[in-house]
$ cat input_20.csv   # CSV, C-alpha atoms
chain,number,residue,atom,x,y,z
A,1,GLN,CA,0.0,0.0,0.0
A,2,SER,CA,1.7,3.2,-1.2
A,3,VAL,CA,1.6,6.4,0.7
A,4,LEU,CA,0.8,8.2,-2.5
A,5,THR,CA,-2.2,7.0,-4.6
A,6,GLN,CA,-2.1,6.9,-8.4
A,7,PRO,CA,-4.5,5.2,-10.8
A,8,PRO,CA,-3.1,1.8,-11.9
A,9,SER,CA,-3.6,2.6,-15.6
A,10,VAL,CA,-4.7,5.3,-18.0
A,11,SER,CA,-5.1,5.2,-21.8
A,12,ALA,CA,-5.6,7.6,-24.6
A,13,ALA,CA,-5.2,7.8,-28.4
A,14,PRO,CA,-2.1,9.2,-30.1
A,15,GLY,CA,-2.2,13.0,-30.3
A,16,GLN,CA,-4.5,13.3,-27.3
A,17,LYS,CA,-3.9,14.5,-23.8
A,18,VAL,CA,-3.8,12.4,-20.7
A,19,THR,CA,-3.5,13.3,-17.0
A,20,ILE,CA,-2.2,11.2,-14.2
A,21,SER,CA,-3.1,12.0,-10.6
A,22,CYS,CA,-1.2,11.5,-7.4
A,23,SER,CA,-3.0,11.9,-4.1
A,24,GLY,CA,-1.3,12.3,-0.7
A,25,SER,CA,-1.6,14.1,2.5
A,26,SER,CA,-0.4,17.2,4.3
A,27,SER,CA,2.7,15.5,5.5
A,28,ASN,CA,3.9,14.7,2.0
A,29,ILE,CA,2.4,16.4,-1.1
A,30,GLY,CA,0.7,19.1,0.9
A,31,ASN,CA,4.0,20.5,2.3
A,32,ASN,CA,6.8,19.2,0.0
A,33,TYR,CA,7.8,19.3,-3.6
A,34,VAL,CA,6.5,16.6,-6.0
A,35,SER,CA,8.5,15.0,-8.8
A,36,TRP,CA,7.5,12.7,-11.6
A,37,TYR,CA,9.3,9.9,-13.3
A,38,GLN,CA,8.9,7.9,-16.5
A,39,GLN,CA,10.1,4.3,-16.6
A,40,LEU,CA,10.2,2.6,-20.0
A,41,PRO,CA,10.3,-1.2,-19.9
A,42,GLY,CA,13.6,-2.6,-18.8
A,43,THR,CA,15.2,0.8,-18.1
A,44,ALA,CA,15.9,3.0,-15.1
A,45,PRO,CA,13.4,5.8,-14.3
A,46,LYS,CA,13.9,9.2,-15.8
A,47,LEU,CA,13.0,12.5,-14.2
A,48,LEU,CA,10.2,14.4,-16.0
A,49,ILE,CA,9.1,17.0,-13.5
A,50,TYR,CA,10.7,18.3,-10.3
A,51,ASP,CA,9.6,21.0,-7.7
A,52,ASN,CA,6.0,20.4,-8.7
A,53,ASN,CA,6.1,21.9,-12.1
A,54,LYS,CA,9.7,22.4,-13.3
A,55,ARG,CA,11.0,20.5,-16.3
A,56,PRO,CA,14.6,19.5,-16.9
A,57,SER,CA,16.0,21.0,-20.1
A,58,ARG,CA,16.1,17.7,-21.8
A,59,ILE,CA,12.4,16.9,-21.3
A,60,SER,CA,9.8,17.8,-23.9
A,61,ASP,CA,7.3,20.6,-23.1
A,62,ARG,CA,4.6,18.0,-23.8
A,63,PHE,CA,5.1,17.1,-20.2
A,64,SER,CA,3.8,19.4,-17.4
A,65,GLY,CA,3.2,19.1,-13.7
A,66,SER,CA,0.9,20.9,-11.2
A,67,LYS,CA,0.0,20.7,-7.6
A,68,SER,CA,-3.0,21.7,-5.6
A,69,GLY,CA,-3.3,21.0,-1.9
A,70,THR,CA,-2.5,17.4,-1.3
A,71,SER,CA,-2.7,16.3,-4.9
A,72,ALA,CA,-0.5,16.6,-7.9
A,73,THR,CA,-1.1,16.0,-11.6
A,74,LEU,CA,1.1,15.0,-14.5
A,75,ALA,CA,-0.2,16.0,-17.9
A,76,ILE,CA,1.1,14.7,-21.2
A,77,THR,CA,-0.1,16.3,-24.4
A,78,GLY,CA,0.3,15.2,-28.0
A,79,LEU,CA,0.6,11.5,-27.0
A,80,GLN,CA,3.0,9.4,-28.9
A,81,THR,CA,3.4,5.6,-28.9
A,82,GLY,CA,6.9,6.1,-27.3
A,83,ASP,CA,5.2,7.6,-24.2
A,84,GLU,CA,3.9,4.1,-23.3
A,85,ALA,CA,5.6,3.6,-19.9
A,86,HIS,CA,5.0,3.5,-16.2
A,87,TYR,CA,4.8,6.9,-14.5
A,88,TYR,CA,5.6,7.5,-10.8
A,89,CYS,CA,5.1,10.5,-8.5
A,90,GLY,CA,7.5,11.0,-5.6
A,91,THR,CA,7.9,13.3,-2.7
A,92,TRP,CA,9.3,13.6,0.8
A,93,ASP,CA,7.1,12.7,3.8
A,94,SER,CA,7.9,15.0,6.7
A,95,SER,CA,6.1,12.8,9.2
A,96,LEU,CA,7.8,9.6,8.1
A,97,SER,CA,11.1,11.3,7.5
A,98,ALA,CA,11.2,9.2,4.3
A,99,GLY,CA,10.9,9.4,0.6
A,100,VAL,CA,7.7,8.1,-0.8
A,101,PHE,CA,6.6,7.0,-4.3
A,102,GLY,CA,3.2,6.4,-5.7
A,103,GLY,CA,2.3,2.9,-6.9
A,104,GLY,CA,2.8,3.8,-10.5
A,105,THR,CA,0.5,4.3,-13.5
A,106,LYS,CA,0.8,2.4,-16.7
A,107,LEU,CA,0.1,4.6,-19.7
A,108,THR,CA,-1.2,2.9,-22.8
A,109,VAL,CA,-1.4,4.8,-26.1
A,110,LEU,CA,-4.1,3.1,-28.0
B,1,GLU,CA,28.3,13.4,-18.4
B,2,VAL,CA,26.8,12.2,-15.1
B,3,GLN,CA,27.4,8.5,-14.5
B,4,LEU,CA,26.3,6.3,-11.6
B,5,VAL,CA,27.5,2.7,-11.7
B,6,GLU,CA,26.3,0.2,-9.1
B,7,SER,CA,28.2,-2.9,-8.1
B,8,GLY,CA,28.1,-5.6,-5.4
B,9,GLY,CA,24.8,-7.2,-6.2
B,10,GLY,CA,24.1,-10.9,-6.8
B,11,LEU,CA,22.7,-14.0,-5.2
B,12,VAL,CA,22.8,-14.1,-1.4
B,13,ASN,CA,21.3,-16.6,1.1
B,14,PRO,CA,18.5,-15.6,3.4
B,15,GLY,CA,19.9,-14.0,6.5
B,16,GLY,CA,23.0,-13.0,4.6
B,17,SER,CA,24.6,-9.6,4.1
B,18,LEU,CA,25.6,-7.6,1.1
B,19,ARG,CA,27.2,-4.2,0.5
B,20,LEU,CA,26.2,-2.3,-2.6
B,21,SER,CA,28.5,0.3,-4.0
B,22,CYS,CA,27.9,3.2,-6.5
B,23,ALA,CA,30.7,4.9,-8.3
B,24,ALA,CA,29.8,8.4,-9.3
B,25,SER,CA,31.5,10.5,-12.0
B,26,GLY,CA,30.8,13.5,-14.2
B,27,PHE,CA,29.8,15.8,-11.3
B,28,THR,CA,31.0,17.1,-7.9
B,29,PHE,CA,29.8,14.2,-5.9
B,30,SER,CA,30.4,15.9,-2.5
B,31,SER,CA,27.8,18.6,-3.4
B,32,TYR,CA,24.8,16.3,-3.8
B,33,SER,CA,22.6,14.2,-1.6
B,34,MET,CA,22.1,10.6,-2.8
B,35,ASN,CA,19.4,8.0,-2.6
B,36,TRP,CA,19.0,4.3,-2.9
B,37,VAL,CA,15.8,3.2,-4.5
B,38,ARG,CA,14.7,-0.4,-5.2
B,39,GLN,CA,12.2,-2.1,-7.4
B,40,ALA,CA,11.1,-5.7,-6.8
B,41,PRO,CA,10.3,-7.8,-9.9
B,42,GLY,CA,7.2,-6.6,-11.5
B,43,LYS,CA,6.6,-4.0,-8.8
B,44,GLY,CA,6.8,-0.2,-8.4
B,45,LEU,CA,9.6,2.0,-7.1
B,46,GLU,CA,10.4,1.9,-3.4
B,47,TRP,CA,12.6,4.5,-1.7
B,48,VAL,CA,15.2,2.8,0.5
B,49,SER,CA,17.6,5.4,2.0
B,50,SER,CA,18.9,8.9,1.6
B,51,ILE,CA,22.2,10.6,2.7
B,52,SER,CA,23.0,14.3,2.6
B,53,SER,CA,26.1,15.6,0.9
B,54,SER,CA,28.3,15.7,4.0
B,55,SER,CA,26.7,12.6,5.6
B,56,SER,CA,25.2,14.7,8.3
B,57,TYR,CA,21.7,13.4,7.7
B,58,LYS,CA,20.7,9.8,6.9
B,59,TYR,CA,17.3,8.3,6.5
B,60,TYR,CA,16.0,4.8,6.1
B,61,ALA,CA,12.7,3.2,5.0
B,62,ASP,CA,10.9,1.5,7.8
B,63,SER,CA,9.6,-1.1,5.3
B,64,VAL,CA,13.1,-2.6,4.9
B,65,LYS,CA,13.2,-5.1,7.7
B,66,GLY,CA,16.9,-5.8,8.0
B,67,PRO,CA,19.3,-3.2,9.4
B,68,LEU,CA,20.5,-0.8,6.7
B,69,THR,CA,23.5,1.5,6.7
B,70,ILE,CA,24.0,4.1,4.0
B,71,SER,CA,27.4,5.8,3.8
B,72,ARG,CA,29.5,7.7,1.3
B,73,ASP,CA,33.2,8.4,0.7
B,74,ASN,CA,33.3,11.9,-0.9
B,75,ALA,CA,37.1,11.6,-1.5
B,76,LYS,CA,36.5,8.5,-3.7
B,77,ASN,CA,33.1,9.5,-5.1
B,78,LEU,CA,31.5,6.4,-3.8
B,79,LEU,CA,28.1,5.7,-2.2
B,80,TYR,CA,27.4,2.5,-0.2
B,81,LEU,CA,24.5,0.5,1.1
B,82,GLN,CA,25.2,-2.1,3.7
B,83,MET,CA,22.3,-4.6,4.0
B,84,ASN,CA,22.1,-7.3,6.7
B,85,SER,CA,19.7,-10.0,7.6
B,86,LEU,CA,18.4,-10.2,4.1
B,87,THR,CA,15.1,-11.9,3.3
B,88,ALA,CA,13.4,-12.9,0.0
B,89,GLU,CA,11.4,-9.6,0.3
B,90,ASP,CA,14.7,-7.7,-0.4
B,91,THR,CA,15.0,-9.3,-3.8
B,92,ALA,CA,15.0,-6.3,-6.2
B,93,VAL,CA,16.9,-4.1,-8.6
B,94,TYR,CA,18.6,-1.5,-6.5
B,95,TYR,CA,19.2,1.9,-8.0
B,96,CYS,CA,21.8,4.5,-7.0
B,97,ALA,CA,20.2,8.0,-7.6
B,98,ARG,CA,21.3,11.6,-7.3
B,99,VAL,CA,19.1,14.2,-5.8
B,100,GLY,CA,19.3,17.4,-7.9
B,101,GLY,CA,18.5,19.9,-5.2
B,102,SER,CA,17.6,19.8,-1.6
B,103,LEU,CA,17.4,16.3,-0.1
B,104,TYR,CA,13.9,17.0,1.0
B,105,ALA,CA,12.8,18.3,-2.5
B,106,PHE,CA,13.4,14.7,-3.6
B,107,GLY,CA,13.9,15.5,-7.3
B,108,ILE,CA,16.1,12.6,-8.4
B,109,ASP,CA,17.7,13.8,-11.6
B,110,TYR,CA,20.1,10.9,-12.4
B,111,TRP,CA,19.7,7.2,-11.9
B,112,GLY,CA,22.2,4.4,-12.2
B,113,GLN,CA,21.4,1.4,-14.4
B,114,GLY,CA,20.5,-0.7,-11.4
B,115,ILE,CA,21.9,-3.8,-9.8
B,116,LEU,CA,20.0,-7.0,-9.1
B,117,VAL,CA,20.0,-8.4,-5.6
B,118,THR,CA,18.5,-11.9,-5.3
B,119,VAL,CA,17.9,-13.4,-1.9
B,120,SER,CA,17.4,-17.1,-2.2
B,121,SER,CA,18.7,-20.4,-0.9

$ encode --input "input_20.csv" --output "structure tokens"
Amino acid sequence: QSVLTQPPSVSAAPGQKVTISCSGSSSNIGNNYVSWYQQLPGTAPKLLIYDNNKRPSRISDRFSGSKSGTSATLAITGLQTGDEAHYYCGTWDSSLSAGVFGGGTKLTVL
Amino acid sequence: EVQLVESGGGLVNPGGSLRLSCAASGFTFSSYSMNWVRQAPGKGLEWVSSISSSSSYKYYADSVKGPLTISRDNAKNLLYLQMNSLTAEDTAVYYCARVGGSLYAFGIDYWGQGILVTVSS
């Protein structure tokens, strides 16, 4: 049981937009930065978003992040088949004094 | 180019110990906090441990049952994870990962390729 809750799966057609939610509490998302990671099959995770909504320079602007209260959202626009992957949110939990990840969301591009 | 290369994994008997190492290059290792993150077969990411740049702060996941010790040698650009009393539940790919900013901001900007630890008799 993950501290952060993500939907197990989402799907959308190529070219469309999809959002992935990440729900937590005041001890984690509510008072700490959220980051998002993409993991393609058989590879290490890759940072997509950090500090809630900042994007590393090497990451496409099709990826964006937002946070409101104790929830965060990753949005992906202009979906491509290459976006099929697992996506994870992560943050620090101040009560646990620990890092926490969501359970992951599998994106299928139909 | 930032590189993180893990070593020290492999097959270990239940109750055994293992020390993972991570060789860092391409950046000023002593300026960054570091994490260990693991992923059991077919499962999601699980944070294991964090250490601040000067080793002043260390944190461990309660979910890891055996005693853990994270450490680093900034002179040698090496990160370590000592794992004891291993059980089958510790079987996973272990990733060495760099935190890009504050340890508590948790933005992991670089990951190693991962090393497999298998606990089995």

$ interface_residues --input "input_20.csv" --of "chain A" --to "chain B" --cutoff "9 Å" --atoms "only C-alpha atoms" --output "VMD selection string"
chain A and resid 32 to 37 43 to 51 56 86 88 90 to 94 96 to 104

$ write_last_selection --input "input_20.csv" --atoms "C-alpha atoms" --output "mmCIF file, keeping the file's coordinate frame"
data_model
loop_
_atom_site.group_PDB
_atom_site.id
_atom_site.type_symbol
_atom_site.label_atom_id
_atom_site.label_comp_id
_atom_site.auth_asym_id
_atom_site.auth_seq_id
_atom_site.Cartn_x
_atom_site.Cartn_y
_atom_site.Cartn_z
ATOM 1 C CA ASN A 32 6.800 19.200 0.000
ATOM 2 C CA TYR A 33 7.800 19.300 -3.600
ATOM 3 C CA VAL A 34 6.500 16.600 -6.000
ATOM 4 C CA SER A 35 8.500 15.000 -8.800
ATOM 5 C CA TRP A 36 7.500 12.700 -11.600
ATOM 6 C CA TYR A 37 9.300 9.900 -13.300
ATOM 7 C CA THR A 43 15.200 0.800 -18.100
ATOM 8 C CA ALA A 44 15.900 3.000 -15.100
ATOM 9 C CA PRO A 45 13.400 5.800 -14.300
ATOM 10 C CA LYS A 46 13.900 9.200 -15.800
ATOM 11 C CA LEU A 47 13.000 12.500 -14.200
ATOM 12 C CA LEU A 48 10.200 14.400 -16.000
ATOM 13 C CA ILE A 49 9.100 17.000 -13.500
ATOM 14 C CA TYR A 50 10.700 18.300 -10.300
ATOM 15 C CA ASP A 51 9.600 21.000 -7.700
ATOM 16 C CA PRO A 56 14.600 19.500 -16.900
ATOM 17 C CA HIS A 86 5.000 3.500 -16.200
ATOM 18 C CA TYR A 88 5.600 7.500 -10.800
ATOM 19 C CA GLY A 90 7.500 11.000 -5.600
ATOM 20 C CA THR A 91 7.900 13.300 -2.700
ATOM 21 C CA TRP A 92 9.300 13.600 0.800
ATOM 22 C CA ASP A 93 7.100 12.700 3.800
ATOM 23 C CA SER A 94 7.900 15.000 6.700
ATOM 24 C CA LEU A 96 7.800 9.600 8.100
ATOM 25 C CA SER A 97 11.100 11.300 7.500
ATOM 26 C CA ALA A 98 11.200 9.200 4.300
ATOM 27 C CA GLY A 99 10.900 9.400 0.600
ATOM 28 C CA VAL A 100 7.700 8.100 -0.800
ATOM 29 C CA PHE A 101 6.600 7.000 -4.300
ATOM 30 C CA GLY A 102 3.200 6.400 -5.700
ATOM 31 C CA GLY A 103 2.300 2.900 -6.900
ATOM 32 C CA GLY A 104 2.800 3.800 -10.500
#

$ residues_around --input "input_20.csv" --residues "A:Ala13" --least-positions-apart "4" --cutoff "12 Å" --atoms "only C-alpha atoms" --output "list of chain:residue names"
A:Lys17, A:Val18, A:Ile76, A:Thr77, A:Gly78, A:Leu79, A:Gln80, A:Thr81, A:Asp83, A:Glu84, A:Leu107, A:Thr108, A:Val109, A:Leu110

$ residues_around --input "input_20.csv" --residues "B:Thr69" --least-positions-apart "3" --cutoff "12 Å" --atoms "all atoms listed in the file" --output "list in words"
Ser17, Leu18, Arg19, Leu20, Ser21, Trp36, Val48, Ser49, Ser50, Ile51, Ser55, Lys58, Tyr59, Tyr60, Ala61, Val64, Gly66, Arg72, Leu79, Tyr80, Leu81, Gln82, Met83 and Asn84 of chain B

$ write_last_selection --input "input_20.csv" --atoms "C-alpha atoms" --output "CSV table (one decimal), keeping the file's coordinate frame"
chain,number,residue,atom,x,y,z
B,17,SER,CA,24.6,-9.6,4.1
B,18,LEU,CA,25.6,-7.6,1.1
B,19,ARG,CA,27.2,-4.2,0.5
B,20,LEU,CA,26.2,-2.3,-2.6
B,21,SER,CA,28.5,0.3,-4.0
B,36,TRP,CA,19.0,4.3,-2.9
B,48,VAL,CA,15.2,2.8,0.5
B,49,SER,CA,17.6,5.4,2.0
B,50,SER,CA,18.9,8.9,1.6
B,51,ILE,CA,22.2,10.6,2.7
B,55,SER,CA,26.7,12.6,5.6
B,58,LYS,CA,20.7,9.8,6.9
B,59,TYR,CA,17.3,8.3,6.5
B,60,TYR,CA,16.0,4.8,6.1
B,61,ALA,CA,12.7,3.2,5.0
B,64,VAL,CA,13.1,-2.6,4.9
B,66,GLY,CA,16.9,-5.8,8.0
B,72,ARG,CA,29.5,7.7,1.3
B,79,LEU,CA,28.1,5.7,-2.2
B,80,TYR,CA,27.4,2.5,-0.2
B,81,LEU,CA,24.5,0.5,1.1
B,82,GLN,CA,25.2,-2.1,3.7
B,83,MET,CA,22.3,-4.6,4.0
B,84,ASN,CA,22.1,-7.3,6.7

$ atom_distance --input "input_20.csv" --atom1 "atom CA of B:Ala24" --atom2 "atom CA of B:Val2"
7.6 Å

$ decode --input "input_20.csv" --residues "stretch 8-20 of chain A" --atoms "all heavy atoms" --output "PDB file, in the first residue's frame"
ATOM      1  N   PRO A   8      -3.965   2.888 -11.368  1.00  0.00           N
ATOM      2  CA  PRO A   8      -3.095   1.835 -11.906  1.00  0.00           C
ATOM      3  C   PRO A   8      -2.822   1.987 -13.398  1.00  0.00           C
ATOM      4  O   PRO A   8      -1.736   1.624 -13.862  1.00  0.00           O
ATOM      5  CB  PRO A   8      -3.880   0.550 -11.623  1.00  0.00           C
ATOM      6  CG  PRO A   8      -4.810   0.904 -10.525  1.00  0.00           C
ATOM      7  CD  PRO A   8      -5.165   2.339 -10.732  1.00  0.00           C
ATOM      8  N   SER A   9      -3.801   2.492 -14.118  1.00  0.00           N
ATOM      9  CA  SER A   9      -3.624   2.604 -15.562  1.00  0.00           C
ATOM     10  C   SER A   9      -4.444   3.750 -16.123  1.00  0.00           C
ATOM     11  O   SER A   9      -5.473   4.136 -15.557  1.00  0.00           O
ATOM     12  CB  SER A   9      -4.022   1.293 -16.255  1.00  0.00           C
ATOM     13  OG  SER A   9      -5.394   1.033 -16.049  1.00  0.00           O
ATOM     14  N   VAL A  10      -3.956   4.295 -17.224  1.00  0.00           N
ATOM     15  CA  VAL A  10      -4.682   5.286 -18.009  1.00  0.00           C
ATOM     16  C   VAL A  10      -4.402   4.971 -19.465  1.00  0.00           C
ATOM     17  O   VAL A  10      -3.385   4.341 -19.792  1.00  0.00           O
ATOM     18  CB  VAL A  10      -4.268   6.738 -17.692  1.00  0.00           C
ATOM     19  CG1 VAL A  10      -4.617   7.102 -16.258  1.00  0.00           C
ATOM     20  CG2 VAL A  10      -2.794   6.961 -17.958  1.00  0.00           C
ATOM     21  N   SER A  11      -5.278   5.435 -20.340  1.00  0.00           N
ATOM     22  CA  SER A  11      -5.061   5.220 -21.766  1.00  0.00           C
ATOM     23  C   SER A  11      -5.663   6.373 -22.557  1.00  0.00           C
ATOM     24  O   SER A  11      -6.591   7.050 -22.103  1.00  0.00           O
ATOM     25  CB  SER A  11      -5.669   3.889 -22.210  1.00  0.00           C
ATOM     26  OG  SER A  11      -7.068   3.890 -21.992  1.00  0.00           O
ATOM     27  N   ALA A  12      -5.111   6.582 -23.727  1.00  0.00           N
ATOM     28  CA  ALA A  12      -5.613   7.613 -24.626  1.00  0.00           C
ATOM     29  C   ALA A  12      -5.043   7.349 -26.010  1.00  0.00           C
ATOM     30  O   ALA A  12      -4.093   6.560 -26.172  1.00  0.00           O
ATOM     31  CB  ALA A  12      -5.228   9.004 -24.145  1.00  0.00           C
ATOM     32  N   ALA A  13      -5.620   8.005 -26.992  1.00  0.00           N
ATOM     33  CA  ALA A  13      -5.190   7.813 -28.376  1.00  0.00           C
ATOM     34  C   ALA A  13      -3.996   8.709 -28.701  1.00  0.00           C
ATOM     35  O   ALA A  13      -3.770   9.726 -28.046  1.00  0.00           O
ATOM     36  CB  ALA A  13      -6.357   8.136 -29.305  1.00  0.00           C
ATOM     37  N   PRO A  14      -3.233   8.337 -29.710  1.00  0.00           N
ATOM     38  CA  PRO A  14      -2.131   9.209 -30.145  1.00  0.00           C
ATOM     39  C   PRO A  14      -2.622  10.607 -30.452  1.00  0.00           C
ATOM     40  O   PRO A  14      -3.705  10.798 -31.030  1.00  0.00           O
ATOM     41  CB  PRO A  14      -1.612   8.507 -31.403  1.00  0.00           C
ATOM     42  CG  PRO A  14      -1.982   7.081 -31.212  1.00  0.00           C
ATOM     43  CD  PRO A  14      -3.292   7.092 -30.496  1.00  0.00           C
ATOM     44  N   GLY A  15      -1.825  11.590 -30.046  1.00  0.00           N
ATOM     45  CA  GLY A  15      -2.185  12.979 -30.272  1.00  0.00           C
ATOM     46  C   GLY A  15      -3.052  13.598 -29.198  1.00  0.00           C
ATOM     47  O   GLY A  15      -3.155  14.836 -29.122  1.00  0.00           O
ATOM     48  N   GLN A  16      -3.652  12.768 -28.378  1.00  0.00           N
ATOM     49  CA  GLN A  16      -4.536  13.271 -27.325  1.00  0.00           C
ATOM     50  C   GLN A  16      -3.737  13.666 -26.091  1.00  0.00           C
ATOM     51  O   GLN A  16      -2.524  13.550 -26.031  1.00  0.00           O
ATOM     52  CB  GLN A  16      -5.573  12.210 -26.974  1.00  0.00           C
ATOM     53  CG  GLN A  16      -6.508  11.857 -28.116  1.00  0.00           C
ATOM     54  CD  GLN A  16      -7.293  13.075 -28.586  1.00  0.00           C
ATOM     55  OE1 GLN A  16      -7.991  13.723 -27.792  1.00  0.00           O
ATOM     56  NE2 GLN A  16      -7.174  13.406 -29.867  1.00  0.00           N
ATOM     57  N   LYS A  17      -4.471  14.157 -25.096  1.00  0.00           N
ATOM     58  CA  LYS A  17      -3.888  14.540 -23.816  1.00  0.00           C
ATOM     59  C   LYS A  17      -4.350  13.574 -22.733  1.00  0.00           C
ATOM     60  O   LYS A  17      -5.492  13.107 -22.752  1.00  0.00           O
ATOM     61  CB  LYS A  17      -4.321  15.958 -23.438  1.00  0.00           C
ATOM     62  CG  LYS A  17      -3.897  16.404 -22.043  1.00  0.00           C
ATOM     63  CD  LYS A  17      -4.433  17.799 -21.726  1.00  0.00           C
ATOM     64  CE  LYS A  17      -4.097  18.235 -20.304  1.00  0.00           C
ATOM     65  NZ  LYS A  17      -4.606  19.593 -19.996  1.00  0.00           N
ATOM     66  N   VAL A  18      -3.447  13.297 -21.806  1.00  0.00           N
ATOM     67  CA  VAL A  18      -3.810  12.439 -20.678  1.00  0.00           C
ATOM     68  C   VAL A  18      -3.280  13.074 -19.399  1.00  0.00           C
ATOM     69  O   VAL A  18      -2.260  13.781 -19.418  1.00  0.00           O
ATOM     70  CB  VAL A  18      -3.234  11.015 -20.853  1.00  0.00           C
ATOM     71  CG1 VAL A  18      -1.715  11.001 -20.696  1.00  0.00           C
ATOM     72  CG2 VAL A  18      -3.875  10.031 -19.889  1.00  0.00           C
ATOM     73  N   THR A  19      -3.991  12.870 -18.321  1.00  0.00           N
ATOM     74  CA  THR A  19      -3.515  13.336 -17.017  1.00  0.00           C
ATOM     75  C   THR A  19      -3.416  12.154 -16.059  1.00  0.00           C
ATOM     76  O   THR A  19      -4.231  11.223 -16.115  1.00  0.00           O
ATOM     77  CB  THR A  19      -4.436  14.406 -16.416  1.00  0.00           C
ATOM     78  OG1 THR A  19      -5.747  13.870 -16.250  1.00  0.00           O
ATOM     79  CG2 THR A  19      -4.487  15.634 -17.311  1.00  0.00           C
ATOM     80  N   ILE A  20      -2.420  12.205 -15.201  1.00  0.00           N
ATOM     81  CA  ILE A  20      -2.206  11.183 -14.184  1.00  0.00           C
ATOM     82  C   ILE A  20      -2.190  11.867 -12.825  1.00  0.00           C
ATOM     83  O   ILE A  20      -1.425  12.814 -12.621  1.00  0.00           O
ATOM     84  CB  ILE A  20      -0.885  10.427 -14.415  1.00  0.00           C
ATOM     85  CG1 ILE A  20      -0.925   9.716 -15.769  1.00  0.00           C
ATOM     86  CG2 ILE A  20      -0.627   9.433 -13.291  1.00  0.00           C
ATOM     87  CD1 ILE A  20       0.406   9.087 -16.171  1.00  0.00           C
TER      88      ILE A  20
END
